[in-house]
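Pasted below: query.cif, mmCIF, C-alpha atoms.
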data_input
#
loop_
_atom_site.group_PDB
_atom_site.id
_atom_site.type_symbol
_atom_site.label_atom_id
_atom_site.label_comp_id
_atom_site.auth_asym_id
_atom_site.auth_seq_id
_atom_site.Cartn_x
_atom_site.Cartn_y
_atom_site.Cartn_z
ATOM 1 C CA MET A 1 -6.365 -6.401 -15.729
ATOM 2 C CA SER A 2 -8.205 -5.180 -12.668
ATOM 3 C CA GLU A 3 -7.815 -1.561 -11.650
ATOM 4 C CA MET A 4 -6.210 -2.616 -8.354
ATOM 5 C CA ALA A 5 -3.578 -4.764 -10.092
ATOM 6 C CA ASN A 6 -2.944 -1.955 -12.584
ATOM 7 C CA SER A 7 -2.473 0.518 -9.711
ATOM 8 C CA LYS A 8 -0.002 -1.807 -7.957
ATOM 9 C CA GLU A 9 1.900 -2.274 -11.220
ATOM 10 C CA ARG A 10 2.092 1.522 -11.643
ATOM 11 C CA SER A 11 3.314 2.019 -8.078
ATOM 12 C CA GLY A 12 5.947 -0.680 -8.703
ATOM 13 C CA GLU A 13 7.109 1.274 -11.750
ATOM 14 C CA PHE A 14 7.337 4.458 -9.661
ATOM 15 C CA ALA A 15 9.236 2.559 -6.951
ATOM 16 C CA ARG A 16 11.794 1.384 -9.542
ATOM 17 C CA ILE A 17 12.248 4.971 -10.755
ATOM 18 C CA ALA A 18 12.763 6.237 -7.192
ATOM 19 C CA ILE A 19 15.301 3.485 -6.459
ATOM 20 C CA ALA A 20 17.267 4.271 -9.630
ATOM 21 C CA ALA A 21 17.332 7.972 -8.683
ATOM 22 C CA LEU A 22 18.580 7.121 -5.181
ATOM 23 C CA GLU A 23 21.274 4.846 -6.601
ATOM 24 C CA GLU A 24 22.351 7.582 -9.011
ATOM 25 C CA LYS A 25 23.053 9.853 -6.023
ATOM 26 C CA LYS A 26 24.942 7.091 -4.169
ATOM 27 C CA ALA A 27 22.322 6.254 -1.542
ATOM 28 C CA SER A 28 23.239 3.366 0.745
ATOM 29 C CA GLU A 29 21.223 0.677 2.507
ATOM 30 C CA ILE A 30 18.244 0.966 0.147
ATOM 31 C CA ARG A 31 15.333 -1.117 1.392
ATOM 32 C CA VAL A 32 11.858 -1.583 -0.043
ATOM 33 C CA ILE A 33 8.881 -2.612 2.047
ATOM 34 C CA ASP A 34 5.653 -3.633 0.309
ATOM 35 C CA ILE A 35 3.004 -2.356 2.703
ATOM 36 C CA SER A 36 0.048 -2.772 0.317
ATOM 37 C CA GLU A 37 -1.477 -5.596 2.359
ATOM 38 C CA VAL A 38 -1.104 -3.858 5.738
ATOM 39 C CA SER A 39 -1.836 -0.247 4.812
ATOM 40 C CA VAL A 40 -4.491 1.632 2.886
ATOM 41 C CA PHE A 41 -2.388 4.734 2.264
ATOM 42 C CA ALA A 42 0.536 3.388 0.201
ATOM 43 C CA ASP A 43 1.944 0.356 -1.603
ATOM 44 C CA TYR A 44 5.671 0.860 -1.017
ATOM 45 C CA PHE A 45 8.011 2.431 1.477
ATOM 46 C CA ILE A 46 11.492 3.013 0.134
ATOM 47 C CA ILE A 47 14.113 3.668 2.796
ATOM 48 C CA ALA A 48 17.654 4.845 2.068
ATOM 49 C CA ASN A 49 20.629 6.383 3.849
ATOM 50 C CA GLY A 50 22.558 9.473 2.923
ATOM 51 C CA SER A 51 25.857 10.406 4.508
ATOM 52 C CA ASN A 52 25.293 14.148 4.959
ATOM 53 C CA ARG A 53 22.755 16.932 4.449
ATOM 54 C CA PRO A 54 23.877 18.004 0.939
ATOM 55 C CA GLN A 55 23.834 14.405 -0.301
ATOM 56 C CA MET A 56 20.418 13.747 1.255
ATOM 57 C CA GLN A 57 19.002 16.898 -0.349
ATOM 58 C CA ALA A 58 20.532 15.906 -3.705
ATOM 59 C CA MET A 59 18.943 12.468 -3.352
ATOM 60 C CA SER A 60 15.588 14.085 -2.587
ATOM 61 C CA ASP A 61 15.887 16.462 -5.549
ATOM 62 C CA GLU A 62 16.809 13.617 -7.915
ATOM 63 C CA VAL A 63 13.924 11.408 -6.767
ATOM 64 C CA SER A 64 11.453 14.300 -7.048
ATOM 65 C CA GLU A 65 12.644 15.249 -10.526
ATOM 66 C CA LYS A 66 12.625 11.710 -11.933
ATOM 67 C CA MET A 67 9.302 10.786 -10.345
ATOM 68 C CA GLU A 68 7.562 13.937 -11.562
ATOM 69 C CA LYS A 69 8.924 13.378 -15.097
ATOM 70 C CA ALA A 70 7.365 9.900 -14.935
ATOM 71 C CA GLY A 71 3.999 11.373 -13.971
ATOM 72 C CA ALA A 72 4.029 10.884 -10.206
ATOM 73 C CA VAL A 73 2.581 13.687 -8.111
ATOM 74 C CA LEU A 74 4.596 14.814 -5.094
ATOM 75 C CA LYS A 75 1.934 15.306 -2.430
ATOM 76 C CA GLN A 76 4.147 16.290 0.471
ATOM 77 C CA VAL A 77 7.772 16.835 1.481
ATOM 78 C CA GLU A 78 8.884 16.817 5.101
ATOM 79 C CA GLY A 79 12.293 17.461 6.646
ATOM 80 C CA TYR A 80 14.101 18.818 3.587
ATOM 81 C CA ASP A 81 15.597 21.868 5.314
ATOM 82 C CA ASN A 82 17.102 20.096 8.315
ATOM 83 C CA ALA A 83 17.764 16.917 6.291
ATOM 84 C CA SER A 84 18.111 14.337 9.037
ATOM 85 C CA TRP A 85 15.021 12.538 7.696
ATOM 86 C CA ILE A 86 13.437 13.599 4.425
ATOM 87 C CA LEU A 87 10.048 12.161 3.555
ATOM 88 C CA LEU A 88 8.744 12.341 -0.016
ATOM 89 C CA ASP A 89 5.095 11.319 -0.343
ATOM 90 C CA PHE A 90 4.069 10.311 -3.851
ATOM 91 C CA GLY A 91 0.849 8.649 -2.712
ATOM 92 C CA ASP A 92 1.381 4.942 -3.358
ATOM 93 C CA VAL A 93 5.162 5.298 -3.002
ATOM 94 C CA ILE A 94 6.701 6.991 0.030
ATOM 95 C CA VAL A 95 10.437 7.619 0.066
ATOM 96 C CA HIS A 96 12.311 8.036 3.354
ATOM 97 C CA ILE A 97 15.860 9.393 3.184
ATOM 98 C CA PHE A 98 17.702 9.146 6.481
ATOM 99 C CA GLY A 99 20.949 10.126 8.021
ATOM 100 C CA GLU A 100 22.435 6.991 9.558
ATOM 101 C CA GLN A 101 21.695 7.817 13.208
ATOM 102 C CA ASP A 102 18.086 8.814 12.554
ATOM 103 C CA ARG A 103 17.455 5.633 10.593
ATOM 104 C CA LEU A 104 18.610 3.585 13.582
ATOM 105 C CA LEU A 105 16.509 5.724 15.916
ATOM 106 C CA TYR A 106 13.235 5.485 13.970
ATOM 107 C CA ASP A 107 13.769 1.900 12.711
ATOM 108 C CA LEU A 108 10.959 1.882 10.155
ATOM 109 C CA GLU A 109 11.865 -1.652 9.097
ATOM 110 C CA ARG A 110 10.888 -2.856 12.586
ATOM 111 C CA ILE A 111 7.769 -0.690 12.795
ATOM 112 C CA TRP A 112 6.576 -1.940 9.393
ATOM 113 C CA ARG A 113 7.717 -5.540 9.857
ATOM 114 C CA ASP A 114 4.219 -6.746 8.911
ATOM 115 C CA GLY A 115 4.980 -5.474 5.423
ATOM 116 C CA LYS A 116 6.948 -7.596 2.995
ATOM 117 C CA GLN A 117 10.653 -6.788 2.433
ATOM 118 C CA VAL A 118 11.249 -6.701 -1.314
ATOM 119 C CA ASP A 119 14.600 -6.906 -3.042
ATOM 120 C CA PRO A 120 14.869 -3.606 -4.963
ATOM 121 C CA GLY A 121 16.039 -5.547 -8.013
ATOM 122 C CA GLN A 122 12.910 -7.719 -7.936
ATOM 123 C CA LEU A 123 10.305 -4.972 -8.346
#

How would this structure read if it were set down as structure tokens?
Amino acid sequence: MSEMANSKERSGEFARIAIAALEEKKASEIRVIDISEVSVFADYFIIANGSNRPQMQAMSDEVSEKMEKAGAVLKQVEGYDNASWILLDFGDVIVHIFGEQDRLLYDLERIWRDGKQVDPGQL
């Protein structure tokens, strides 16, 4: 298997782990965008909604814990303290946790429409 295919397979595994962690903390509207063919900095964006700051922070904590246990390296966290949009950068997998209004405002699905929407269950 080529190194590139192996890397994409690994990022898919990390994406599945992140999705499961989000689901465990009752995230809503989980979407996955495969941006590997339109971006050099990541393979997947995972976008999810939380209903309030404590839930969003719990979602972030759960994703971070599960991903790090699986061997992913958390490179950067943004927005955790104000928790209207939390970004978790694991390199090839970037997780965006939004409050509902901010998700509508930033509309990442539209901005990254050149990426491929993936059914979270099909990763």

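Evaluating the PyMOL selection byres ((chain A and resi 81) around 12) against the shown model yields Arg53, Pro54, Met56, Gln57, Ala58, Ser60, Val77, Glu78, Gly79, Tyr80, Asn82, Ala83, Ser84, Trp85, Ile86 and Leu87 of chain A.
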
Generate a file of the selected residues that holds C-alpha atoms, formatted as a PDB file, in the coordinates of the input.
ATOM      1  CA  ARG A  53      22.755  16.932   4.449  1.00  0.00           C
ATOM      2  CA  PRO A  54      23.877  18.004   0.939  1.00  0.00           C
ATOM      3  CA  MET A  56      20.418  13.747   1.255  1.00  0.00           C
ATOM      4  CA  GLN A  57      19.002  16.898  -0.349  1.00  0.00           C
ATOM      5  CA  ALA A  58      20.532  15.906  -3.705  1.00  0.00           C
ATOM      6  CA  SER A  60      15.588  14.085  -2.587  1.00  0.00           C
ATOM      7  CA  VAL A  77       7.772  16.835   1.481  1.00  0.00           C
ATOM      8  CA  GLU A  78       8.884  16.817   5.101  1.00  0.00           C
ATOM      9  CA  GLY A  79      12.293  17.461   6.646  1.00  0.00           C
ATOM     10  CA  TYR A  80      14.101  18.818   3.587  1.00  0.00           C
ATOM     11  CA  ASN A  82      17.102  20.096   8.315  1.00  0.00           C
ATOM     12  CA  ALA A  83      17.764  16.917   6.291  1.00  0.00           C
ATOM     13  CA  SER A  84      18.111  14.337   9.037  1.00  0.00           C
ATOM     14  CA  TRP A  85      15.021  12.538   7.696  1.00  0.00           C
ATOM     15  CA  ILE A  86      13.437  13.599   4.425  1.00  0.00           C
ATOM     16  CA  LEU A  87      10.048  12.161   3.555  1.00  0.00           C
TER      17      LEU A  87
END

Which residue of A:Ala70, A:Val95, A:Glu29, A:Asn52 approaches Glu13 in chain A most closely, using all atoms listed in the file =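 The answer is A:Ala70, which sits nearest to Glu13 in chain A.
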
query = Skipping near chain neighbours, those fewer than 6 positions away, what residues fall within 7 Å of range 18-28 of chain A using only C-alpha atoms, listed as a list of chain:residue names?
reply = A:Ala48, A:Asn49, A:Gly50, A:Ala58, A:Met59, A:Glu62, A:Val63, A:Lys66, A:Met67

With C-alpha atoms kept, could you save the residues just selected as an mmCIF file, keeping the file's coordinate frame?
data_model
loop_
_atom_site.group_PDB
_atom_site.id
_atom_site.type_symbol
_atom_site.label_atom_id
_atom_site.label_comp_id
_atom_site.auth_asym_id
_atom_site.auth_seq_id
_atom_site.Cartn_x
_atom_site.Cartn_y
_atom_site.Cartn_z
ATOM 1 C CA ALA A 48 17.654 4.845 2.068
ATOM 2 C CA ASN A 49 20.629 6.383 3.849
ATOM 3 C CA GLY A 50 22.558 9.473 2.923
ATOM 4 C CA ALA A 58 20.532 15.906 -3.705
ATOM 5 C CA MET A 59 18.943 12.468 -3.352
ATOM 6 C CA GLU A 62 16.809 13.617 -7.915
ATOM 7 C CA VAL A 63 13.924 11.408 -6.767
ATOM 8 C CA LYS A 66 12.625 11.710 -11.933
ATOM 9 C CA MET A 67 9.302 10.786 -10.345
#

inquiry  = With distances taken over only C-alpha atoms, which residue among A:Gln76, A:Ser36, A:Ser11, A:Ser51 lies nearest Gln101 in chain A?
reply    =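 Closest to Gln101 in chain A, using only C-alpha atoms: A:Ser51.
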
task = Give me, please, the distance in Å between CA of Arg16 in chain A and CA of Arg103 in chain A, quoted to one decimal.
result = 21.3 Å

Exercise on range 64-70 of chain A, axis-aligned box with 5 Å per side, report centre and edge lengths in Å to one decimal, as JSON:
{"center_x": 10.0, "center_y": 12.6, "center_z": -11.1, "size_x": 15.3, "size_y": 15.3, "size_z": 18.0}

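Distances to Leu74 in chain A were evaluated for A:Glu9, A:Asp43, A:Asp61, A:Asp89 using all atoms listed in the file, and the minimum falls at A:Asp89.
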
ask   = Mind pulling up the distance from CA of Leu88 in chain A to CA of Ile35 in chain A?
value =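 Result for CA of Ile35 in chain A versus CA of Leu88 in chain A: 16.0 Å, one decimal.
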
request  = Could you please determine the separation between CA of Phe98 in chain A and CA of Ile47 in chain A in Å, to one decimal place?
outcome  = 7.5 Å

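Of the residues listed (A:Ile17, A:Ser7, A:Ile111, A:Leu105), A:Ile17 shows the shortest atom-to-atom separation from Glu65 in chain A; distances use all atoms listed in the file.
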
request  = Check which residues satisfy the PyMOL selection byres ((chain A and resi 123) around 7) in the file shown, then give them as a ChimeraX atom specification.
outcome  = /A:12,16,120-122

task = Name the residues that the PyMOL selection byres ((chain A and resi 109) around 12) picks from the file above, as a list of chain:residue names, using the file's chain letters and numbers.
result = A:Glu29, A:Ile30, A:Arg31, A:Val32, A:Ile33, A:Asp34, A:Ile35, A:Phe45, A:Ile46, A:Ile47, A:Ala48, A:His96, A:Arg103, A:Leu104, A:Leu105, A:Tyr106, A:Asp107, A:Leu108, A:Arg110, A:Ile111, A:Trp112, A:Arg113, A:Asp114, A:Gly115, A:Lys116, A:Gln117, A:Val118

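The closest residue to Lys8 in chain A, picked from A:Glu68, A:Glu37, A:Asp102, A:Asp119 and counting all atoms listed in the file, is A:Glu37.
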